[in-house]
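Undergrad: Take a look at query13.cif, mmCIF, C-alpha atoms and all ligand atoms; chains and numbers go by the auth columns:
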data_run
#
loop_
_atom_site.group_PDB
_atom_site.id
_atom_site.type_symbol
_atom_site.label_atom_id
_atom_site.label_comp_id
_atom_site.label_asym_id
_atom_site.label_seq_id
_atom_site.Cartn_x
_atom_site.Cartn_y
_atom_site.Cartn_z
_atom_site.B_iso_or_equiv
_atom_site.auth_seq_id
_atom_site.auth_asym_id
ATOM 1 C CA MET A 1 0.000 0.000 0.000 0.00 115 A
ATOM 2 C CA LEU A 2 1.381 3.427 -0.941 0.00 116 A
ATOM 3 C CA VAL A 3 0.354 6.774 0.507 0.00 117 A
ATOM 4 C CA ILE A 4 1.617 10.153 -0.718 0.00 118 A
ATOM 5 C CA THR A 5 1.868 13.071 1.676 0.00 119 A
ATOM 6 C CA LEU A 6 1.795 16.578 0.224 0.00 120 A
ATOM 7 C CA ALA A 7 2.792 19.546 2.380 0.00 121 A
ATOM 8 C CA GLY A 8 1.352 22.863 1.259 0.00 122 A
ATOM 9 C CA SER A 9 2.958 25.302 3.686 0.00 123 A
ATOM 10 C CA PRO A 10 5.766 27.586 2.535 0.00 124 A
ATOM 11 C CA GLN A 11 7.030 27.837 6.155 0.00 125 A
ATOM 12 C CA LYS A 12 10.070 25.836 7.301 0.00 126 A
ATOM 13 C CA ASN A 13 8.842 25.367 10.872 0.00 127 A
ATOM 14 C CA SER A 14 5.335 24.545 9.766 0.00 128 A
ATOM 15 C CA ARG A 15 2.484 23.412 11.994 0.00 129 A
ATOM 16 C CA SER A 16 0.513 21.778 9.194 0.00 130 A
ATOM 17 C CA SER A 17 3.653 19.923 8.092 0.00 131 A
ATOM 18 C CA ALA A 18 4.212 18.749 11.682 0.00 132 A
ATOM 19 C CA VAL A 19 0.728 17.202 11.673 0.00 133 A
ATOM 20 C CA LEU A 20 1.473 15.679 8.271 0.00 134 A
ATOM 21 C CA ASN A 21 4.781 14.265 9.532 0.00 135 A
ATOM 22 C CA PHE A 22 2.953 12.698 12.453 0.00 136 A
ATOM 23 C CA ALA A 23 0.587 11.038 9.966 0.00 137 A
ATOM 24 C CA HIS A 24 3.600 9.826 7.965 0.00 138 A
ATOM 25 C CA GLN A 25 5.197 8.203 11.032 0.00 139 A
ATOM 26 C CA TRP A 26 1.870 6.768 12.183 0.00 140 A
ATOM 27 C CA LEU A 27 1.298 5.031 8.833 0.00 141 A
ATOM 28 C CA ALA A 28 4.935 3.936 8.417 0.00 142 A
ATOM 29 C CA SER A 29 4.795 2.245 11.831 0.00 143 A
ATOM 30 C CA ARG A 30 1.874 0.195 10.453 0.00 144 A
ATOM 31 C CA ASP A 31 3.838 -1.023 7.419 0.00 145 A
ATOM 32 C CA VAL A 32 2.365 1.466 4.951 0.00 146 A
ATOM 33 C CA ASN A 33 4.796 2.819 2.354 0.00 147 A
ATOM 34 C CA VAL A 34 4.749 6.596 2.493 0.00 148 A
ATOM 35 C CA ALA A 35 6.355 9.002 0.009 0.00 149 A
ATOM 36 C CA SER A 36 6.586 12.639 1.029 0.00 150 A
ATOM 37 C CA TYR A 37 6.304 15.666 -1.227 0.00 151 A
ATOM 38 C CA GLY A 38 6.082 19.333 -0.423 0.00 152 A
ATOM 39 C CA LEU A 39 6.764 22.786 -1.726 0.00 153 A
ATOM 40 C CA GLN A 40 10.472 22.343 -0.987 0.00 154 A
ATOM 41 C CA ASN A 41 10.659 19.667 -3.714 0.00 155 A
ATOM 42 C CA PHE A 42 9.904 22.211 -6.435 0.00 156 A
ATOM 43 C CA SER A 43 11.419 25.443 -7.664 0.00 157 A
ATOM 44 C CA ALA A 44 9.363 28.620 -7.856 0.00 158 A
ATOM 45 C CA GLU A 45 9.963 28.641 -11.626 0.00 159 A
ATOM 46 C CA GLU A 46 8.499 25.133 -11.991 0.00 160 A
ATOM 47 C CA LEU A 47 5.424 26.025 -10.002 0.00 161 A
ATOM 48 C CA LEU A 48 4.723 29.536 -11.237 0.00 162 A
ATOM 49 C CA GLY A 49 5.684 28.630 -14.813 0.00 163 A
ATOM 50 C CA ALA A 50 3.355 25.597 -14.686 0.00 164 A
ATOM 51 C CA ASN A 51 6.198 23.374 -15.890 0.00 165 A
ATOM 52 C CA THR A 52 4.448 20.009 -15.984 0.00 166 A
ATOM 53 C CA ALA A 53 7.368 18.488 -17.939 0.00 167 A
ATOM 54 C CA SER A 54 9.825 19.018 -15.085 0.00 168 A
ATOM 55 C CA PRO A 55 11.237 15.721 -13.717 0.00 169 A
ATOM 56 C CA ARG A 56 10.270 16.722 -10.174 0.00 170 A
ATOM 57 C CA VAL A 57 6.677 17.371 -11.176 0.00 171 A
ATOM 58 C CA GLN A 58 6.629 14.135 -13.168 0.00 172 A
ATOM 59 C CA SER A 59 7.933 12.305 -10.095 0.00 173 A
ATOM 60 C CA LEU A 60 4.920 13.478 -8.074 0.00 174 A
ATOM 61 C CA ILE A 61 2.508 12.629 -10.885 0.00 175 A
ATOM 62 C CA ASN A 62 3.980 9.115 -11.216 0.00 176 A
ATOM 63 C CA ALA A 63 3.937 8.570 -7.475 0.00 177 A
ATOM 64 C CA LEU A 64 0.256 9.516 -7.432 0.00 178 A
ATOM 65 C CA ILE A 65 -0.519 7.087 -10.235 0.00 179 A
ATOM 66 C CA HIS A 66 0.780 4.231 -8.079 0.00 180 A
ATOM 67 C CA ALA A 67 -0.631 5.518 -4.787 0.00 181 A
ATOM 68 C CA ASP A 68 -3.677 4.228 -2.947 0.00 182 A
ATOM 69 C CA GLY A 69 -4.120 7.374 -0.901 0.00 183 A
ATOM 70 C CA LEU A 70 -3.083 10.971 -0.431 0.00 184 A
ATOM 71 C CA ILE A 71 -2.792 13.089 2.698 0.00 185 A
ATOM 72 C CA VAL A 72 -2.611 16.768 1.888 0.00 186 A
ATOM 73 C CA ALA A 73 -1.856 19.426 4.499 0.00 187 A
ATOM 74 C CA THR A 74 -2.206 23.175 4.255 0.00 188 A
ATOM 75 C CA PRO A 75 -2.220 26.247 6.440 0.00 189 A
ATOM 76 C CA VAL A 76 -5.357 28.370 6.178 0.00 190 A
ATOM 77 C CA TYR A 77 -4.385 31.537 4.320 0.00 191 A
ATOM 78 C CA LYS A 78 -6.979 34.243 3.842 0.00 192 A
ATOM 79 C CA ALA A 79 -9.809 31.867 4.685 0.00 193 A
ATOM 80 C CA ALA A 80 -8.722 29.236 2.141 0.00 194 A
ATOM 81 C CA TYR A 81 -5.817 26.845 1.511 0.00 195 A
ATOM 82 C CA SER A 82 -2.382 28.240 0.628 0.00 196 A
ATOM 83 C CA GLY A 83 -1.851 29.666 -2.843 0.00 197 A
ATOM 84 C CA ALA A 84 1.441 27.763 -2.983 0.00 198 A
ATOM 85 C CA LEU A 85 -0.431 24.464 -2.608 0.00 199 A
ATOM 86 C CA LYS A 86 -2.679 25.500 -5.486 0.00 200 A
ATOM 87 C CA THR A 87 0.358 25.953 -7.739 0.00 201 A
ATOM 88 C CA ILE A 88 1.159 22.260 -7.171 0.00 202 A
ATOM 89 C CA LEU A 89 -2.417 21.030 -7.553 0.00 203 A
ATOM 90 C CA ASP A 90 -2.692 22.997 -10.809 0.00 204 A
ATOM 91 C CA LEU A 91 0.138 20.907 -12.290 0.00 205 A
ATOM 92 C CA LEU A 92 -1.640 17.600 -11.759 0.00 206 A
ATOM 93 C CA PRO A 93 -3.553 15.886 -14.569 0.00 207 A
ATOM 94 C CA GLU A 94 -7.323 16.206 -14.495 0.00 208 A
ATOM 95 C CA ARG A 95 -7.910 12.704 -13.068 0.00 209 A
ATOM 96 C CA ALA A 96 -4.819 12.603 -10.836 0.00 210 A
ATOM 97 C CA LEU A 97 -6.796 11.503 -7.751 0.00 211 A
ATOM 98 C CA GLU A 98 -9.021 8.939 -9.449 0.00 212 A
ATOM 99 C CA HIS A 99 -9.310 5.792 -7.264 0.00 213 A
ATOM 100 C CA LYS A 100 -7.522 7.549 -4.358 0.00 214 A
ATOM 101 C CA VAL A 101 -8.679 8.000 -0.801 0.00 215 A
ATOM 102 C CA VAL A 102 -7.777 11.512 0.363 0.00 216 A
ATOM 103 C CA LEU A 103 -7.359 12.824 3.897 0.00 217 A
ATOM 104 C CA PRO A 104 -7.079 16.622 4.052 0.00 218 A
ATOM 105 C CA ILE A 105 -5.425 18.453 6.964 0.00 219 A
ATOM 106 C CA ALA A 106 -5.533 22.173 7.760 0.00 220 A
ATOM 107 C CA THR A 107 -4.086 24.293 10.539 0.00 221 A
ATOM 108 C CA ALA A 108 -5.243 27.844 11.175 0.00 222 A
ATOM 109 C CA GLY A 109 -4.744 30.731 13.535 0.00 223 A
ATOM 110 C CA SER A 110 -8.401 30.773 14.442 0.00 224 A
ATOM 111 C CA PRO A 111 -11.123 28.132 14.819 0.00 225 A
ATOM 112 C CA GLY A 112 -13.340 30.530 12.841 0.00 226 A
ATOM 113 C CA HIS A 113 -12.036 29.052 9.619 0.00 227 A
ATOM 114 C CA LEU A 114 -12.928 25.484 10.542 0.00 228 A
ATOM 115 C CA LEU A 115 -14.868 25.077 7.297 0.00 229 A
ATOM 116 C CA ALA A 116 -12.047 26.147 4.980 0.00 230 A
ATOM 117 C CA LEU A 117 -11.336 22.505 4.121 0.00 231 A
ATOM 118 C CA ASP A 118 -14.963 21.955 3.150 0.00 232 A
ATOM 119 C CA TYR A 119 -15.621 25.028 1.047 0.00 233 A
ATOM 120 C CA ALA A 120 -12.117 25.627 -0.390 0.00 234 A
ATOM 121 C CA LEU A 121 -9.921 22.508 -0.613 0.00 235 A
ATOM 122 C CA LYS A 122 -12.430 19.673 -0.966 0.00 236 A
ATOM 123 C CA PRO A 123 -13.965 21.020 -4.212 0.00 237 A
ATOM 124 C CA VAL A 124 -10.476 21.027 -5.768 0.00 238 A
ATOM 125 C CA LEU A 125 -9.840 17.447 -4.620 0.00 239 A
ATOM 126 C CA SER A 126 -13.179 16.459 -6.140 0.00 240 A
ATOM 127 C CA ALA A 127 -12.279 18.226 -9.391 0.00 241 A
ATOM 128 C CA LEU A 128 -9.197 15.997 -9.501 0.00 242 A
ATOM 129 C CA LYS A 129 -11.648 13.057 -9.261 0.00 243 A
ATOM 130 C CA ALA A 130 -10.701 11.857 -5.783 0.00 244 A
ATOM 131 C CA GLN A 131 -12.623 8.647 -5.117 0.00 245 A
ATOM 132 C CA GLU A 132 -13.269 9.349 -1.465 0.00 246 A
ATOM 133 C CA VAL A 133 -12.400 12.516 0.466 0.00 247 A
ATOM 134 C CA LEU A 134 -12.521 11.869 4.204 0.00 248 A
ATOM 135 C CA HIS A 135 -13.792 14.287 6.820 0.00 249 A
ATOM 136 C CA GLY A 136 -10.328 15.774 7.411 0.00 250 A
ATOM 137 C CA ILE A 137 -8.418 17.157 10.365 0.00 251 A
ATOM 138 C CA PHE A 138 -8.570 20.797 11.396 0.00 252 A
ATOM 139 C CA ALA A 139 -6.410 22.228 14.173 0.00 253 A
ATOM 140 C CA ASP A 140 -5.994 25.775 15.361 0.00 254 A
ATOM 141 C CA ASP A 141 -2.614 27.012 16.490 0.00 255 A
ATOM 142 C CA SER A 142 -3.471 26.765 20.186 0.00 256 A
ATOM 143 C CA GLN A 143 -3.567 22.969 19.748 0.00 257 A
ATOM 144 C CA ILE A 144 -0.002 22.746 18.371 0.00 258 A
ATOM 145 C CA THR A 145 2.831 23.968 20.581 0.00 259 A
ATOM 146 C CA ARG A 146 6.337 24.629 19.311 0.00 260 A
ATOM 147 C CA ASN A 147 9.045 23.579 21.793 0.00 261 A
ATOM 148 C CA ASP A 148 12.623 22.293 21.921 0.00 262 A
ATOM 149 C CA GLN A 149 11.492 18.797 20.901 0.00 263 A
ATOM 150 C CA GLY A 150 9.652 20.104 17.837 0.00 264 A
ATOM 151 C CA MET A 151 5.874 20.316 18.101 0.00 265 A
ATOM 152 C CA THR A 152 3.474 18.807 20.588 0.00 266 A
ATOM 153 C CA PHE A 153 -0.225 18.358 20.005 0.00 267 A
ATOM 154 C CA SER A 154 -3.041 18.913 22.489 0.00 268 A
ATOM 155 C CA PRO A 155 -4.706 15.719 23.782 0.00 269 A
ATOM 156 C CA SER A 156 -7.893 16.507 21.836 0.00 270 A
ATOM 157 C CA LEU A 157 -5.969 16.967 18.577 0.00 271 A
ATOM 158 C CA GLN A 158 -3.984 13.802 19.267 0.00 272 A
ATOM 159 C CA LEU A 159 -7.244 11.898 19.712 0.00 273 A
ATOM 160 C CA ARG A 160 -8.748 13.296 16.494 0.00 274 A
ATOM 161 C CA LEU A 161 -5.545 12.468 14.625 0.00 275 A
ATOM 162 C CA ASP A 162 -5.574 8.858 15.796 0.00 276 A
ATOM 163 C CA GLU A 163 -9.247 8.500 14.863 0.00 277 A
ATOM 164 C CA ALA A 164 -8.817 10.101 11.431 0.00 278 A
ATOM 165 C CA LEU A 165 -5.754 8.008 10.624 0.00 279 A
ATOM 166 C CA ASN A 166 -7.486 4.810 11.728 0.00 280 A
ATOM 167 C CA THR A 167 -10.411 5.685 9.460 0.00 281 A
ATOM 168 C CA PHE A 168 -8.021 6.495 6.607 0.00 282 A
ATOM 169 C CA LEU A 169 -6.177 3.191 6.986 0.00 283 A
ATOM 170 C CA HIS A 170 -9.374 1.152 7.268 0.00 284 A
ATOM 171 C CA THR A 171 -10.800 2.886 4.190 0.00 285 A
ATOM 172 C CA LEU A 172 -7.655 2.069 2.216 0.00 286 A
ATOM 173 C CA GLU A 173 -7.761 -1.558 3.373 0.00 287 A
ATOM 174 C CA ARG A 174 -11.472 -1.869 2.578 0.00 288 A
ATOM 175 C CA ARG A 175 -11.006 -0.440 -0.912 0.00 289 A
ATOM 176 C CA ARG A 176 -8.039 -2.732 -1.533 0.00 290 A
ATOM 177 C CA THR A 177 -10.045 -5.790 -0.465 0.00 291 A
ATOM 178 C CA SER A 178 -13.138 -4.852 -2.465 0.00 292 A
ATOM 179 C CA SER A 179 -11.120 -4.214 -5.657 0.00 293 A
ATOM 180 C CA PHE A 180 -9.340 -7.579 -5.354 0.00 294 A
ATOM 181 C CA THR A 181 -10.635 -9.993 -7.973 0.00 295 A
ATOM 182 C CA PRO A 182 -9.680 -13.569 -7.122 0.00 296 A
ATOM 183 C CA ALA A 183 -8.738 -15.821 -10.000 0.00 297 A
ATOM 184 C CA ILE A 184 -11.603 -18.179 -10.721 0.00 298 A
ATOM 185 C CA ALA A 185 -10.343 -21.709 -10.277 0.00 299 A
ATOM 186 C CA ALA A 186 -11.614 -24.199 -12.798 0.00 300 A
ATOM 187 C CA VAL A 187 -13.355 -27.028 -10.973 0.00 301 A
HETATM 188 C C1 LIG B . -0.389 34.935 5.006 0.00 1 B
HETATM 189 C C2 LIG B . -1.149 34.281 6.131 0.00 1 B
HETATM 190 C C3 LIG B . -2.527 34.269 6.093 0.00 1 B
HETATM 191 C C4 LIG B . -3.248 33.660 7.122 0.00 1 B
HETATM 192 N N1 LIG B . -4.603 33.677 7.057 0.00 1 B
HETATM 193 C C5 LIG B . -5.322 33.067 8.037 0.00 1 B
HETATM 194 C C6 LIG B . -6.750 33.051 7.985 0.00 1 B
HETATM 195 O O1 LIG B . -7.384 33.577 7.078 0.00 1 B
HETATM 196 N N2 LIG B . -7.422 32.412 8.984 0.00 1 B
HETATM 197 C C7 LIG B . -6.765 31.815 10.037 0.00 1 B
HETATM 198 O O2 LIG B . -7.432 31.243 10.905 0.00 1 B
HETATM 199 N N3 LIG B . -5.418 31.808 10.104 0.00 1 B
HETATM 200 C C8 LIG B . -4.677 32.428 9.130 0.00 1 B
HETATM 201 N N4 LIG B . -3.304 32.416 9.184 0.00 1 B
HETATM 202 C C9 LIG B . -2.633 31.657 10.272 0.00 1 B
HETATM 203 C C10 LIG B . -2.175 30.283 9.777 0.00 1 B
HETATM 204 O O3 LIG B . -3.210 29.600 9.093 0.00 1 B
HETATM 205 C C11 LIG B . -1.751 29.380 10.946 0.00 1 B
HETATM 206 O O4 LIG B . -0.769 29.995 11.735 0.00 1 B
HETATM 207 C C12 LIG B . -1.287 28.018 10.434 0.00 1 B
HETATM 208 O O5 LIG B . -1.195 27.103 11.502 0.00 1 B
HETATM 209 C C13 LIG B . 0.085 28.114 9.771 0.00 1 B
HETATM 210 O O6 LIG B . 0.423 26.838 9.291 0.00 1 B
HETATM 211 P P1 LIG B . 1.925 26.489 8.846 0.00 1 B
HETATM 212 O O7 LIG B . 2.776 26.683 10.066 0.00 1 B
HETATM 213 O O8 LIG B . 1.848 25.092 8.389 0.00 1 B
HETATM 214 O O9 LIG B . 2.288 27.441 7.736 0.00 1 B
HETATM 215 C C14 LIG B . -2.572 33.046 8.208 0.00 1 B
HETATM 216 C C15 LIG B . -1.160 33.066 8.229 0.00 1 B
HETATM 217 C C16 LIG B . -0.469 33.676 7.206 0.00 1 B
HETATM 218 C C17 LIG B . 1.052 33.686 7.264 0.00 1 B
#
How does the structure come out when it is put into structure tokens?
Ligand SMILES: Cc1cc2nc3c(=O)[nH]c(=O)nc-3n(C[C@H](O)[C@H](O)[C@H](O)COP(=O)(O)O)c2cc1C

TA:
Amino acid sequence: MLVITLAGSPQKNSRSSAVLNFAHQWLASRDVNVASYGLQNFSAEELLGANTASPRVQSLINALIHADGLIVATPVYKAAYSGALKTILDLLPERALEHKVVLPIATAGSPGHLLALDYALKPVLSALKAQEVLHGIFADDSQITRNDQGMTFSPSLQLRLDEALNTFLHTLERRRTSSFTPAIAAV
């Protein structure tokens, strides 16, 4: 099973990327193959010039073709997802998320933008033909604390993360089982 993570924050010390990294470790510890992508994998020229032929963009597109699922994380910027994330999503083929289960993640300064995933990011994931977009994880900054060890999550966020990742994994396993066609043995 292969899952792609896509980090949409331009910040180095990013809260949304910390949540995404947690998801990566969580899945890897359950024997899921995880390949990570983020803004740092691409040059500004590739993204702003919409260079779909670039080897780095092609690498993401190929990884998605072979992936069962995608976890995409973004900060909320101006009540929506980051513009930088959109420059990546715009480079993907029209059906890039066909047959994929997608778990979106957003972090925001204020709980007031709780619905940004629903009204801003999810329509784009649907336009890319995602098979199943899960409820998603939203955290405001008060639930993610920067410290010497990196980032720590509030107990309530930790709980929601575990639940969402369990649901994500079970959905991937269910889809894998239901799409398995056993060879019909001649009797
Ligand atoms: C340019 C910019 C715009 C932002 N706009 C919003 C916003 O509209 N609503 C909100 O709740 N937080 C907003 N924030 C706060 C970020 O969403 C929040 O700090 C988030 O956790 C940052 O994630 P990151 O560390 O992964 O970049 C904004 C931050 C920046 C830098």

Undergrad: If the limit is 12 Å from any atom of ligand LIG 1 (chain B), counting only C-alpha atoms and all ligand atoms, which residues qualify? Return them as number ranges by chain.

TA: A: 120-135, 152-153, 186-199, 219-231, 234, 252-260, 265

Undergrad: What does the structure give for the distance between atom CA of A:Ser143 and atom CA of A:Leu242, in Å to one decimal?

TA: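 So the two atoms, atom CA of A:Ser143 and atom CA of A:Leu242, lie 29.0 Å apart.
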
Undergrad: Given all atoms listed in the file as the basis, pick out the residue of A:Leu174, A:Ala158, A:Val216, A:Ala137 nearest to A:Leu279.

TA: A:Ala137

Undergrad: Out of A:Glu212, A:Leu184, A:Leu203, A:Asn261, which residue has the shortest atom-to-atom distance to A:Leu235 when counting only C-alpha atoms?

TA: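 Comparing A:Glu212, A:Leu184, A:Leu203, A:Asn261 against A:Leu235, the winner is A:Leu203.
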
Undergrad: Starting from the PyMOL selection byres (((chain A and resi 247) around 8) and not hetatm), expand the selection into actual residues of this file and give them as a list in words.

TA: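 Answer for the PyMOL selection byres (((chain A and resi 247) around 8) and not hetatm): Val215, Val216, Leu217, Pro218, Lys236, Leu239, Ser240, Ala244, Gln245, Glu246, Leu248, His249 and Gly250 of chain A.
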
Undergrad: Write the residues you've just listed into a file as a PDB file, keeping the file's coordinate frame, and include C-alpha atoms for each of them.

TA:
ATOM      1  CA  VAL A 215      -8.679   8.000  -0.801  1.00  0.00           C
ATOM      2  CA  VAL A 216      -7.777  11.512   0.363  1.00  0.00           C
ATOM      3  CA  LEU A 217      -7.359  12.824   3.897  1.00  0.00           C
ATOM      4  CA  PRO A 218      -7.079  16.622   4.052  1.00  0.00           C
ATOM      5  CA  LYS A 236     -12.430  19.673  -0.966  1.00  0.00           C
ATOM      6  CA  LEU A 239      -9.840  17.447  -4.620  1.00  0.00           C
ATOM      7  CA  SER A 240     -13.179  16.459  -6.140  1.00  0.00           C
ATOM      8  CA  ALA A 244     -10.701  11.857  -5.783  1.00  0.00           C
ATOM      9  CA  GLN A 245     -12.623   8.647  -5.117  1.00  0.00           C
ATOM     10  CA  GLU A 246     -13.269   9.349  -1.465  1.00  0.00           C
ATOM     11  CA  LEU A 248     -12.521  11.869   4.204  1.00  0.00           C
ATOM     12  CA  HIS A 249     -13.792  14.287   6.820  1.00  0.00           C
ATOM     13  CA  GLY A 250     -10.328  15.774   7.411  1.00  0.00           C
TER      14      GLY A 250
END

Undergrad: Would you work out the distance separating atom CA of A:Ala142 from atom CA of A:Ser293, expressed in Å to one decimal?

TA: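 That distance, rounded to one decimal, is 22.9 Å.
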
Undergrad: Leaving out A:Ser157 and any residue of its chain fewer than 5 positions from it, which residues lie within 12 Å of it when counting all atoms listed in the file, given as a list in words?

TA: Pro124, Gly152, Leu162, Gly163, Ala164, Asn165, Ser168, Pro169, Arg170, Val171, Ala198, Thr201 and Ile202 of chain A

Undergrad: Taking all atoms of stretch 148-161 of chain A that the file lists and extending 6 Å past them on each side, where is the centre of the axis-aligned box and how long are its edges? Answer in Å to one decimal, as lines of an AutoDock Vina configuration file.

TA:
center_x = 8.1
center_y = 17.6
center_z = -4.7
size_x = 18.7
size_y = 34.0
size_z = 26.5

Undergrad: Taking 6 positions as the minimum chain separation for residues in the same chain, which residues sit within 12 Å of A:Arg290 when counting all atoms listed in the file? Answer as a PyMOL selection string.

TA: chain A and resi 115-116+181-183+213-215+283-284

Undergrad: Which value, in Å to one decimal, gives the distance between atom CA of A:Gln154 and atom CA of A:Ala241?

TA: 24.6 Å

Undergrad: Go ahead and find all residues with at least one atom no further than 12 Å from (-3.9, 10.6, 16.6) in the file's coordinates, using only C-alpha atoms; report them as a list in words.

TA: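 Looking at atoms near the point gives Val133, Leu134, Asn135, Phe136, Ala137, His138, Gln139, Trp140, Leu141, Ile251, Thr266, Phe267, Ser268, Pro269, Ser270, Leu271, Gln272, Leu273, Arg274, Leu275, Asp276, Glu277, Ala278, Leu279, Asn280, Thr281 and Phe282 of chain A.
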
Undergrad: Please identify all polymer residues within 9 Å of A:Ile175, counting only C-alpha atoms, omitting same-chain residues fewer than 3 positions from it, and present them as a list of chain:residue names.

TA: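 Listing them by chain and then by number gives A:Arg170, A:Val171, A:Gln172, A:Leu178, A:Ile179, A:Leu205, A:Leu206, A:Pro207, A:Ala210.
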
Undergrad: Could you write out that same residue set with C-alpha atoms as a PDB file, in the frame of the given file?

TA:
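File written: result.pdb
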ATOM      1  CA  ARG A 170      10.270  16.722 -10.174  1.00  0.00           C
ATOM      2  CA  VAL A 171       6.677  17.371 -11.176  1.00  0.00           C
ATOM      3  CA  GLN A 172       6.629  14.135 -13.168  1.00  0.00           C
ATOM      4  CA  LEU A 178       0.256   9.516  -7.432  1.00  0.00           C
ATOM      5  CA  ILE A 179      -0.519   7.087 -10.235  1.00  0.00           C
ATOM      6  CA  LEU A 205       0.138  20.907 -12.290  1.00  0.00           C
ATOM      7  CA  LEU A 206      -1.640  17.600 -11.759  1.00  0.00           C
ATOM      8  CA  PRO A 207      -3.553  15.886 -14.569  1.00  0.00           C
ATOM      9  CA  ALA A 210      -4.819  12.603 -10.836  1.00  0.00           C
TER      10      ALA A 210
END

Undergrad: Nearest residue to A:Leu161 out of A:Lys200, A:Arg288, A:His180, A:Arg144, using only C-alpha atoms?

TA: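 Going through A:Lys200, A:Arg288, A:His180, A:Arg144 one by one, the smallest distance to A:Leu161 is for A:Lys200.
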
Undergrad: Determine the nearest neighbour of A:Arg209 from the options A:Val238, A:Leu286, A:Asn176, A:Lys243, counting only C-alpha atoms.

TA: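 Of the candidates, the smallest distance to A:Arg209 is held by A:Lys243.
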
Undergrad: Which is closest to A:Ala177 among A:Pro237, A:Ala149, A:Glu159, A:Gly264, if we use only C-alpha atoms?

TA: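 Nearest to A:Ala177: A:Ala149.
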
Undergrad: Would you fill out stretch 230-242 of chain A with N, CA, C and O atoms and return it as a PDB file, in the coordinates of the input?

TA:
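This is the output file result_19.pdb:
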ATOM      1  N   ALA A 230     -12.850  25.861   6.184  1.00  0.00           N
ATOM      2  CA  ALA A 230     -12.047  26.147   4.980  1.00  0.00           C
ATOM      3  C   ALA A 230     -11.763  24.889   4.160  1.00  0.00           C
ATOM      4  O   ALA A 230     -11.749  24.924   2.927  1.00  0.00           O
ATOM      5  N   LEU A 231     -11.560  23.753   4.864  1.00  0.00           N
ATOM      6  CA  LEU A 231     -11.336  22.505   4.121  1.00  0.00           C
ATOM      7  C   LEU A 231     -12.546  22.173   3.255  1.00  0.00           C
ATOM      8  O   LEU A 231     -12.404  21.764   2.110  1.00  0.00           O
ATOM      9  N   ASP A 232     -13.734  22.368   3.853  1.00  0.00           N
ATOM     10  CA  ASP A 232     -14.963  21.955   3.150  1.00  0.00           C
ATOM     11  C   ASP A 232     -15.274  22.850   1.956  1.00  0.00           C
ATOM     12  O   ASP A 232     -15.605  22.370   0.878  1.00  0.00           O
ATOM     13  N   TYR A 233     -15.182  24.162   2.148  1.00  0.00           N
ATOM     14  CA  TYR A 233     -15.621  25.028   1.047  1.00  0.00           C
ATOM     15  C   TYR A 233     -14.486  25.399   0.084  1.00  0.00           C
ATOM     16  O   TYR A 233     -14.761  25.869  -1.017  1.00  0.00           O
ATOM     17  N   ALA A 234     -13.216  25.208   0.497  1.00  0.00           N
ATOM     18  CA  ALA A 234     -12.117  25.627  -0.390  1.00  0.00           C
ATOM     19  C   ALA A 234     -11.344  24.441  -0.975  1.00  0.00           C
ATOM     20  O   ALA A 234     -11.237  24.301  -2.189  1.00  0.00           O
ATOM     21  N   LEU A 235     -10.809  23.571  -0.099  1.00  0.00           N
ATOM     22  CA  LEU A 235      -9.921  22.508  -0.613  1.00  0.00           C
ATOM     23  C   LEU A 235     -10.687  21.318  -1.192  1.00  0.00           C
ATOM     24  O   LEU A 235     -10.322  20.785  -2.244  1.00  0.00           O
ATOM     25  N   LYS A 236     -11.750  20.894  -0.505  1.00  0.00           N
ATOM     26  CA  LYS A 236     -12.430  19.673  -0.966  1.00  0.00           C
ATOM     27  C   LYS A 236     -12.978  19.783  -2.391  1.00  0.00           C
ATOM     28  O   LYS A 236     -12.895  18.804  -3.152  1.00  0.00           O
ATOM     29  N   PRO A 237     -13.516  20.938  -2.811  1.00  0.00           N
ATOM     30  CA  PRO A 237     -13.965  21.020  -4.212  1.00  0.00           C
ATOM     31  C   PRO A 237     -12.826  20.801  -5.217  1.00  0.00           C
ATOM     32  O   PRO A 237     -13.037  20.212  -6.286  1.00  0.00           O
ATOM     33  N   VAL A 238     -11.614  21.234  -4.861  1.00  0.00           N
ATOM     34  CA  VAL A 238     -10.476  21.027  -5.768  1.00  0.00           C
ATOM     35  C   VAL A 238     -10.110  19.539  -5.820  1.00  0.00           C
ATOM     36  O   VAL A 238      -9.837  18.986  -6.894  1.00  0.00           O
ATOM     37  N   LEU A 239     -10.144  18.891  -4.654  1.00  0.00           N
ATOM     38  CA  LEU A 239      -9.840  17.447  -4.620  1.00  0.00           C
ATOM     39  C   LEU A 239     -10.879  16.670  -5.430  1.00  0.00           C
ATOM     40  O   LEU A 239     -10.547  15.718  -6.139  1.00  0.00           O
ATOM     41  N   SER A 240     -12.125  17.110  -5.345  1.00  0.00           N
ATOM     42  CA  SER A 240     -13.179  16.459  -6.140  1.00  0.00           C
ATOM     43  C   SER A 240     -12.974  16.711  -7.624  1.00  0.00           C
ATOM     44  O   SER A 240     -13.201  15.826  -8.447  1.00  0.00           O
ATOM     45  N   ALA A 241     -12.528  17.916  -7.974  1.00  0.00           N
ATOM     46  CA  ALA A 241     -12.279  18.226  -9.391  1.00  0.00           C
ATOM     47  C   ALA A 241     -11.173  17.341  -9.952  1.00  0.00           C
ATOM     48  O   ALA A 241     -11.154  17.043 -11.151  1.00  0.00           O
ATOM     49  N   LEU A 242     -10.272  16.906  -9.081  1.00  0.00           N
ATOM     50  CA  LEU A 242      -9.197  15.997  -9.501  1.00  0.00           C
ATOM     51  C   LEU A 242      -9.657  14.538  -9.430  1.00  0.00           C
ATOM     52  O   LEU A 242      -8.860  13.616  -9.519  1.00  0.00           O
TER      53      LEU A 242
END
